[in-house]
>>> print(open('target_15.pdb').read())   # PDB, C-alpha atoms, pLDDT in the B column
ATOM      1  CA  MET B   1    -204.430 -70.654  25.580  1.00 54.00           C
ATOM      2  CA  ASP B   2    -202.030 -73.282  26.921  1.00 72.00           C
ATOM      3  CA  LEU B   3    -200.475 -72.749  30.349  1.00 78.00           C
ATOM      4  CA  GLY B   4    -197.236 -74.252  29.057  1.00 79.00           C
ATOM      5  CA  ASP B   5    -196.986 -71.343  26.621  1.00 79.00           C
ATOM      6  CA  LEU B   6    -197.462 -68.828  29.426  1.00 84.00           C
ATOM      7  CA  LEU B   7    -194.980 -70.249  31.930  1.00 88.00           C
ATOM      8  CA  ALA B   8    -191.575 -68.650  31.658  1.00 81.00           C
ATOM      9  CA  PRO B   9    -188.639 -70.964  31.019  1.00 76.00           C
ATOM     10  CA  ARG B  10    -187.066 -71.479  34.446  1.00 91.00           C
ATOM     11  CA  GLY B  11    -190.187 -69.871  35.967  1.00 94.00           C
ATOM     12  CA  ILE B  12    -191.352 -72.819  38.075  1.00 95.00           C
ATOM     13  CA  PHE B  13    -190.220 -72.975  41.690  1.00 96.00           C
ATOM     14  CA  PRO B  14    -191.100 -76.205  43.552  1.00 96.00           C
ATOM     15  CA  ALA B  15    -190.044 -75.118  47.062  1.00 96.00           C
ATOM     16  CA  PHE B  16    -190.060 -71.325  47.121  1.00 97.00           C
ATOM     17  CA  GLU B  17    -188.985 -69.788  50.417  1.00 97.00           C
ATOM     18  CA  ALA B  18    -191.048 -66.902  51.795  1.00 97.00           C
ATOM     19  CA  THR B  19    -192.551 -66.179  55.196  1.00 97.00           C
ATOM     20  CA  THR B  20    -194.831 -63.249  54.278  1.00 97.00           C
ATOM     21  CA  LYS B  21    -196.884 -62.076  51.328  1.00 97.00           C
ATOM     22  CA  LYS B  22    -194.512 -59.148  50.689  1.00 97.00           C
ATOM     23  CA  GLU B  23    -191.493 -61.450  50.852  1.00 98.00           C
ATOM     24  CA  ALA B  24    -193.106 -63.833  48.345  1.00 98.00           C
ATOM     25  CA  LEU B  25    -194.005 -60.988  45.977  1.00 98.00           C
ATOM     26  CA  HIS B  26    -190.524 -59.514  46.273  1.00 98.00           C
ATOM     27  CA  GLY B  27    -188.764 -62.828  45.647  1.00 98.00           C
ATOM     28  CA  LEU B  28    -190.994 -63.625  42.682  1.00 98.00           C
ATOM     29  CA  SER B  29    -190.469 -60.103  41.319  1.00 98.00           C
ATOM     30  CA  VAL B  30    -186.712 -60.665  41.394  1.00 97.00           C
ATOM     31  CA  GLN B  31    -187.161 -63.955  39.535  1.00 97.00           C
ATOM     32  CA  ALA B  32    -189.536 -62.313  37.042  1.00 96.00           C
ATOM     33  CA  GLY B  33    -187.040 -59.509  36.477  1.00 96.00           C
ATOM     34  CA  ASP B  34    -184.271 -62.018  35.783  1.00 95.00           C
ATOM     35  CA  LEU B  35    -186.485 -63.897  33.332  1.00 93.00           C
ATOM     36  CA  THR B  36    -187.949 -60.903  31.485  1.00 93.00           C
ATOM     37  CA  GLY B  37    -185.231 -58.273  31.707  1.00 94.00           C
ATOM     38  CA  LEU B  38    -187.661 -55.895  33.429  1.00 95.00           C
ATOM     39  CA  ASP B  39    -186.756 -54.010  36.574  1.00 97.00           C
ATOM     40  CA  ALA B  40    -187.590 -56.199  39.583  1.00 97.00           C
ATOM     41  CA  ARG B  41    -188.448 -53.157  41.732  1.00 98.00           C
ATOM     42  CA  THR B  42    -190.992 -51.971  39.147  1.00 97.00           C
ATOM     43  CA  ILE B  43    -192.580 -55.432  39.057  1.00 97.00           C
ATOM     44  CA  TYR B  44    -192.694 -55.582  42.859  1.00 98.00           C
ATOM     45  CA  ASP B  45    -194.143 -52.073  43.236  1.00 98.00           C
ATOM     46  CA  THR B  46    -196.808 -52.812  40.625  1.00 97.00           C
ATOM     47  CA  LEU B  47    -197.735 -56.107  42.305  1.00 97.00           C
ATOM     48  CA  LEU B  48    -198.008 -54.333  45.678  1.00 97.00           C
ATOM     49  CA  GLN B  49    -200.250 -51.658  44.155  1.00 97.00           C
ATOM     50  CA  ARG B  50    -202.487 -54.414  42.794  1.00 95.00           C
ATOM     51  CA  GLU B  51    -202.638 -56.108  46.205  1.00 96.00           C
ATOM     52  CA  ARG B  52    -203.743 -52.824  47.789  1.00 95.00           C
ATOM     53  CA  LEU B  53    -206.858 -52.952  45.586  1.00 95.00           C
ATOM     54  CA  GLY B  54    -207.705 -56.340  47.090  1.00 94.00           C
ATOM     55  CA  SER B  55    -205.905 -59.556  47.774  1.00 95.00           C
ATOM     56  CA  THR B  56    -205.224 -61.804  44.806  1.00 96.00           C
ATOM     57  CA  GLY B  57    -205.545 -64.750  47.184  1.00 96.00           C
ATOM     58  CA  LEU B  58    -208.477 -66.743  45.835  1.00 94.00           C
ATOM     59  CA  GLY B  59    -208.928 -69.246  48.626  1.00 94.00           C
ATOM     60  CA  ARG B  60    -208.079 -72.943  48.944  1.00 95.00           C
ATOM     61  CA  GLY B  61    -204.379 -72.027  49.248  1.00 97.00           C
ATOM     62  CA  ILE B  62    -204.127 -70.296  45.848  1.00 97.00           C
ATOM     63  CA  ALA B  63    -203.056 -66.776  44.863  1.00 97.00           C
ATOM     64  CA  ILE B  64    -202.793 -65.262  41.388  1.00 96.00           C
ATOM     65  CA  PRO B  65    -201.038 -61.897  41.621  1.00 97.00           C
ATOM     66  CA  HIS B  66    -201.459 -60.315  38.186  1.00 95.00           C
ATOM     67  CA  VAL B  67    -200.525 -56.970  36.659  1.00 95.00           C
ATOM     68  CA  LYS B  68    -200.057 -55.200  33.366  1.00 94.00           C
ATOM     69  CA  LEU B  69    -196.659 -53.639  32.750  1.00 94.00           C
ATOM     70  CA  ILE B  70    -195.108 -51.307  30.224  1.00 92.00           C
ATOM     71  CA  GLY B  71    -192.077 -52.826  28.523  1.00 91.00           C
ATOM     72  CA  ILE B  72    -193.007 -56.492  28.543  1.00 93.00           C
ATOM     73  CA  ASP B  73    -193.453 -58.033  25.097  1.00 88.00           C
ATOM     74  CA  GLY B  74    -195.896 -60.825  25.895  1.00 90.00           C
ATOM     75  CA  ILE B  75    -197.698 -62.531  28.726  1.00 92.00           C
ATOM     76  CA  VAL B  76    -195.399 -64.301  31.174  1.00 93.00           C
ATOM     77  CA  SER B  77    -196.369 -66.462  34.118  1.00 95.00           C
ATOM     78  CA  LEU B  78    -194.334 -67.862  36.989  1.00 96.00           C
ATOM     79  CA  PHE B  79    -195.427 -70.539  39.419  1.00 97.00           C
ATOM     80  CA  ALA B  80    -194.215 -71.050  42.958  1.00 97.00           C
ATOM     81  CA  ARG B  81    -195.127 -73.813  45.357  1.00 97.00           C
ATOM     82  CA  LEU B  82    -194.176 -72.426  48.730  1.00 98.00           C
ATOM     83  CA  ALA B  83    -192.036 -74.414  51.131  1.00 97.00           C
ATOM     84  CA  ARG B  84    -194.470 -73.342  53.879  1.00 97.00           C
ATOM     85  CA  PRO B  85    -197.916 -71.754  53.448  1.00 98.00           C
ATOM     86  CA  ILE B  86    -198.224 -68.024  54.216  1.00 98.00           C
ATOM     87  CA  ASP B  87    -201.033 -65.602  54.970  1.00 97.00           C
ATOM     88  CA  PHE B  88    -202.170 -63.896  51.762  1.00 97.00           C
ATOM     89  CA  GLU B  89    -205.343 -62.236  53.105  1.00 96.00           C
ATOM     90  CA  SER B  90    -207.462 -64.697  51.123  1.00 96.00           C
ATOM     91  CA  PRO B  91    -211.243 -64.465  51.529  1.00 95.00           C
ATOM     92  CA  ASP B  92    -211.428 -67.897  53.173  1.00 96.00           C
ATOM     93  CA  GLY B  93    -208.605 -67.061  55.617  1.00 95.00           C
ATOM     94  CA  GLU B  94    -206.614 -70.111  54.494  1.00 96.00           C
ATOM     95  CA  PRO B  95    -202.846 -69.689  54.019  1.00 98.00           C
ATOM     96  CA  VAL B  96    -201.501 -69.802  50.464  1.00 98.00           C
ATOM     97  CA  ASP B  97    -199.056 -72.427  49.225  1.00 98.00           C
ATOM     98  CA  LEU B  98    -199.522 -72.087  45.437  1.00 97.00           C
ATOM     99  CA  ILE B  99    -198.791 -68.785  43.689  1.00 98.00           C
ATOM    100  CA  PHE B 100    -199.180 -68.010  39.996  1.00 97.00           C
ATOM    101  CA  VAL B 101    -197.723 -64.629  39.003  1.00 97.00           C
ATOM    102  CA  LEU B 102    -199.091 -63.270  35.747  1.00 96.00           C
ATOM    103  CA  LEU B 103    -197.412 -60.363  33.966  1.00 96.00           C
ATOM    104  CA  ALA B 104    -198.952 -58.898  30.821  1.00 94.00           C
ATOM    105  CA  PRO B 105    -198.228 -56.000  28.497  1.00 94.00           C
ATOM    106  CA  ASP B 106    -200.239 -52.897  29.331  1.00 91.00           C
ATOM    107  CA  HIS B 107    -202.150 -53.278  26.044  1.00 88.00           C
ATOM    108  CA  ALA B 108    -203.072 -56.985  26.465  1.00 83.00           C
ATOM    109  CA  GLY B 109    -206.669 -56.671  27.681  1.00 76.00           C
ATOM    110  CA  GLY B 110    -208.293 -59.765  26.184  1.00 86.00           C
ATOM    111  CA  ASP B 111    -205.195 -61.951  26.303  1.00 86.00           C
ATOM    112  CA  HIS B 112    -204.602 -61.036  29.949  1.00 86.00           C
ATOM    113  CA  LEU B 113    -208.152 -62.159  30.789  1.00 88.00           C
ATOM    114  CA  LYS B 114    -207.731 -65.385  28.795  1.00 90.00           C
ATOM    115  CA  ALA B 115    -204.528 -66.162  30.700  1.00 89.00           C
ATOM    116  CA  LEU B 116    -206.264 -65.547  34.036  1.00 90.00           C
ATOM    117  CA  ALA B 117    -209.135 -67.780  32.918  1.00 90.00           C
ATOM    118  CA  ARG B 118    -206.699 -70.562  31.955  1.00 90.00           C
ATOM    119  CA  ILE B 119    -205.029 -70.485  35.354  1.00 92.00           C
ATOM    120  CA  SER B 120    -208.436 -70.318  37.063  1.00 91.00           C
ATOM    121  CA  ARG B 121    -209.620 -73.420  35.197  1.00 90.00           C
ATOM    122  CA  LEU B 122    -206.559 -75.328  36.375  1.00 90.00           C
ATOM    123  CA  VAL B 123    -206.941 -74.370  40.033  1.00 91.00           C
ATOM    124  CA  ARG B 124    -210.669 -75.209  40.066  1.00 91.00           C
ATOM    125  CA  GLU B 125    -209.810 -78.866  39.385  1.00 91.00           C
ATOM    126  CA  PRO B 126    -209.276 -80.677  42.713  1.00 91.00           C
ATOM    127  CA  THR B 127    -207.138 -83.352  41.045  1.00 92.00           C
ATOM    128  CA  ALA B 128    -204.922 -80.688  39.475  1.00 91.00           C
ATOM    129  CA  LEU B 129    -204.395 -79.062  42.873  1.00 93.00           C
ATOM    130  CA  ASP B 130    -203.549 -82.443  44.382  1.00 94.00           C
ATOM    131  CA  ARG B 131    -200.976 -83.020  41.638  1.00 94.00           C
ATOM    132  CA  LEU B 132    -199.443 -79.563  42.141  1.00 95.00           C
ATOM    133  CA  ARG B 133    -199.159 -80.088  45.876  1.00 96.00           C
ATOM    134  CA  SER B 134    -197.827 -83.649  45.727  1.00 96.00           C
ATOM    135  CA  ALA B 135    -195.416 -83.471  42.775  1.00 95.00           C
ATOM    136  CA  PRO B 136    -192.115 -84.797  44.148  1.00 94.00           C
ATOM    137  CA  ASP B 137    -189.792 -82.911  41.794  1.00 92.00           C
ATOM    138  CA  LEU B 138    -189.575 -80.152  39.180  1.00 92.00           C
ATOM    139  CA  ALA B 139    -190.324 -82.458  36.244  1.00 91.00           C
ATOM    140  CA  SER B 140    -193.487 -83.765  37.918  1.00 92.00           C
ATOM    141  CA  LEU B 141    -194.539 -80.244  38.770  1.00 92.00           C
ATOM    142  CA  GLN B 142    -194.018 -79.090  35.170  1.00 91.00           C
ATOM    143  CA  HIS B 143    -196.109 -82.035  33.997  1.00 90.00           C
ATOM    144  CA  ALA B 144    -198.886 -81.195  36.473  1.00 90.00           C
ATOM    145  CA  LEU B 145    -198.914 -77.586  35.274  1.00 91.00           C
ATOM    146  CA  THR B 146    -198.989 -78.356  31.571  1.00 86.00           C
ATOM    147  CA  SER B 147    -201.094 -81.525  31.345  1.00 80.00           C
ATOM    148  CA  PRO B 148    -204.496 -81.120  29.730  1.00 69.00           C
ATOM    149  CA  LEU B 149    -207.342 -80.752  32.180  1.00 61.00           C
ATOM    150  CA  THR B 150    -209.731 -83.634  32.546  1.00 57.00           C
ATOM    151  CA  SER B 151    -213.211 -82.384  33.082  1.00 49.00           C
ATOM    152  CA  HIS B 152    -215.598 -84.224  35.356  1.00 45.00           C
ATOM    153  CA  ALA B 153    -218.600 -82.388  33.948  1.00 42.00           C
ATOM    154  CA  ALA B 154    -221.552 -84.441  32.752  1.00 38.00           C
TER     155      ALA B 154
END
>>> encode(input="target_15.pdb", output="structure tokens")
Amino acid sequence: MDLGDLLAPRGIFPAFEATTKKEALHGLSVQAGDLTGLDARTIYDTLLQRERLGSTGLGRGIAIPHVKLIGIDGIVSLFARLARPIDFESPDGEPVDLIFVLLAPDHAGGDHLKALARISRLVREPTALDRLRSAPDLASLQHALTSPLTSHAA
């Protein structure tokens, strides 16, 4: 599964403005609604319900809010690099500056997990995180998100 296939056209935000977790989720829900045709309030409410189960902040400044929704045709991902890091209740206590939102159809069990695994592989690579954080413009950020991973495994 290629991350480039998951990212929504116009779904990459290089300097997203938000000062709180709820504000980030709301703003990204509005963007997701515009891109998918789904109701932004429904997306937001579903993301908040997911966060109540436990923070989707992974640590190291990364969060992957993810939900399954009725009415979406396929898996869609958005990416936001925040203008300023925010508290996301991550296990390591570090503020989040990189957010991947993953929306999947309610029937997409295996594909939803594959998409989460693909994003997880990207954010485990220190060089990939460096590229995401240092990309000077949208084109560079798109390239950093969609370039093949280079493994340092033996």
>>> residues_near_point(input="target_15.pdb", point="(-193.7, -54.0, 42.3)", cutoff="12 Å", atoms="only C-alpha atoms", output="count of residues only")
33
>>> closest_residue(input="target_15.pdb", among="B:Val96, B:Ile70, B:Ala15, B:Ala80", to="B:Gly57", atoms="only C-alpha atoms")
B:Val96
>>> residues_around(input="target_15.pdb", residues="B:Asp97", least_positions_apart="3", cutoff="6 Å", atoms="all atoms listed in the file", output="PDB file with C-alpha atoms, in the frame of the given file")
ATOM      1  CA  GLY B  61    -204.379 -72.027  49.248  1.00 97.00           C
ATOM      2  CA  ARG B  81    -195.127 -73.813  45.357  1.00 97.00           C
ATOM      3  CA  LEU B  82    -194.176 -72.426  48.730  1.00 98.00           C
ATOM      4  CA  PRO B  85    -197.916 -71.754  53.448  1.00 98.00           C
TER       5      PRO B  85
END
>>> residues_around(input="target_15.pdb", residues="stretch 111-124 of chain B", least_positions_apart="3", cutoff="9 Å", atoms="only C-alpha atoms", output="MDAnalysis selection string")
chainID B and resid 1:3 6 62 64 66:68 75 77 100 102:105 108 127:129 145 149
>>> residues_around(input="target_15.pdb", residues="B:His143", least_positions_apart="6", cutoff="10 Å", atoms="all atoms listed in the file", output="tab-separated table (two decimals) with C-alpha atoms, in the coordinates of the input")
chain	number	residue	atom	x	y	z
B	4	GLY	CA	-197.24	-74.25	29.06
B	131	ARG	CA	-200.98	-83.02	41.64
B	132	LEU	CA	-199.44	-79.56	42.14
B	135	ALA	CA	-195.42	-83.47	42.78
>>> closest_residue(input="target_15.pdb", among="B:Arg133, B:Arg10, B:Arg60, B:His107", to="B:Ser90", atoms="only C-alpha atoms")
B:Arg60
>>> closest_residue(input="target_15.pdb", among="B:Ala8, B:Ile99, B:Gly59, B:Gly93", to="B:Phe79", atoms="all atoms listed in the file")
B:Ile99
>>> closest_residue(input="target_15.pdb", among="B:Ser147, B:Leu58, B:Asp106, B:Asp92", to="B:Ile72", atoms="all atoms listed in the file")
B:Asp106
>>> atom_distance(input="target_15.pdb", atom1="atom CA of B:Leu7", atom2="atom CA of B:Leu78")
5.6 Å
>>> atom_distance(input="target_15.pdb", atom1="atom CA of B:Gly37", atom2="atom CA of B:Asp87")
29.1 Å
>>> atom_distance(input="target_15.pdb", atom1="atom CA of B:Thr56", atom2="atom CA of B:Gly109")
17.9 Å
>>> closest_residue(input="target_15.pdb", among="B:Ala63, B:Gly54, B:Gly74, B:Pro136", to="B:Glu94", atoms="all atoms listed in the file")
B:Ala63
>>> axis_aligned_box(input="target_15.pdb", around="stretch 15-21 of chain B", padding_each_side="5 Å", output="lines of an AutoDock Vina configuration file")
center_x = -192.9
center_y = -68.6
center_z = 51.1
size_x = 17.9
size_y = 23.0
size_z = 18.1
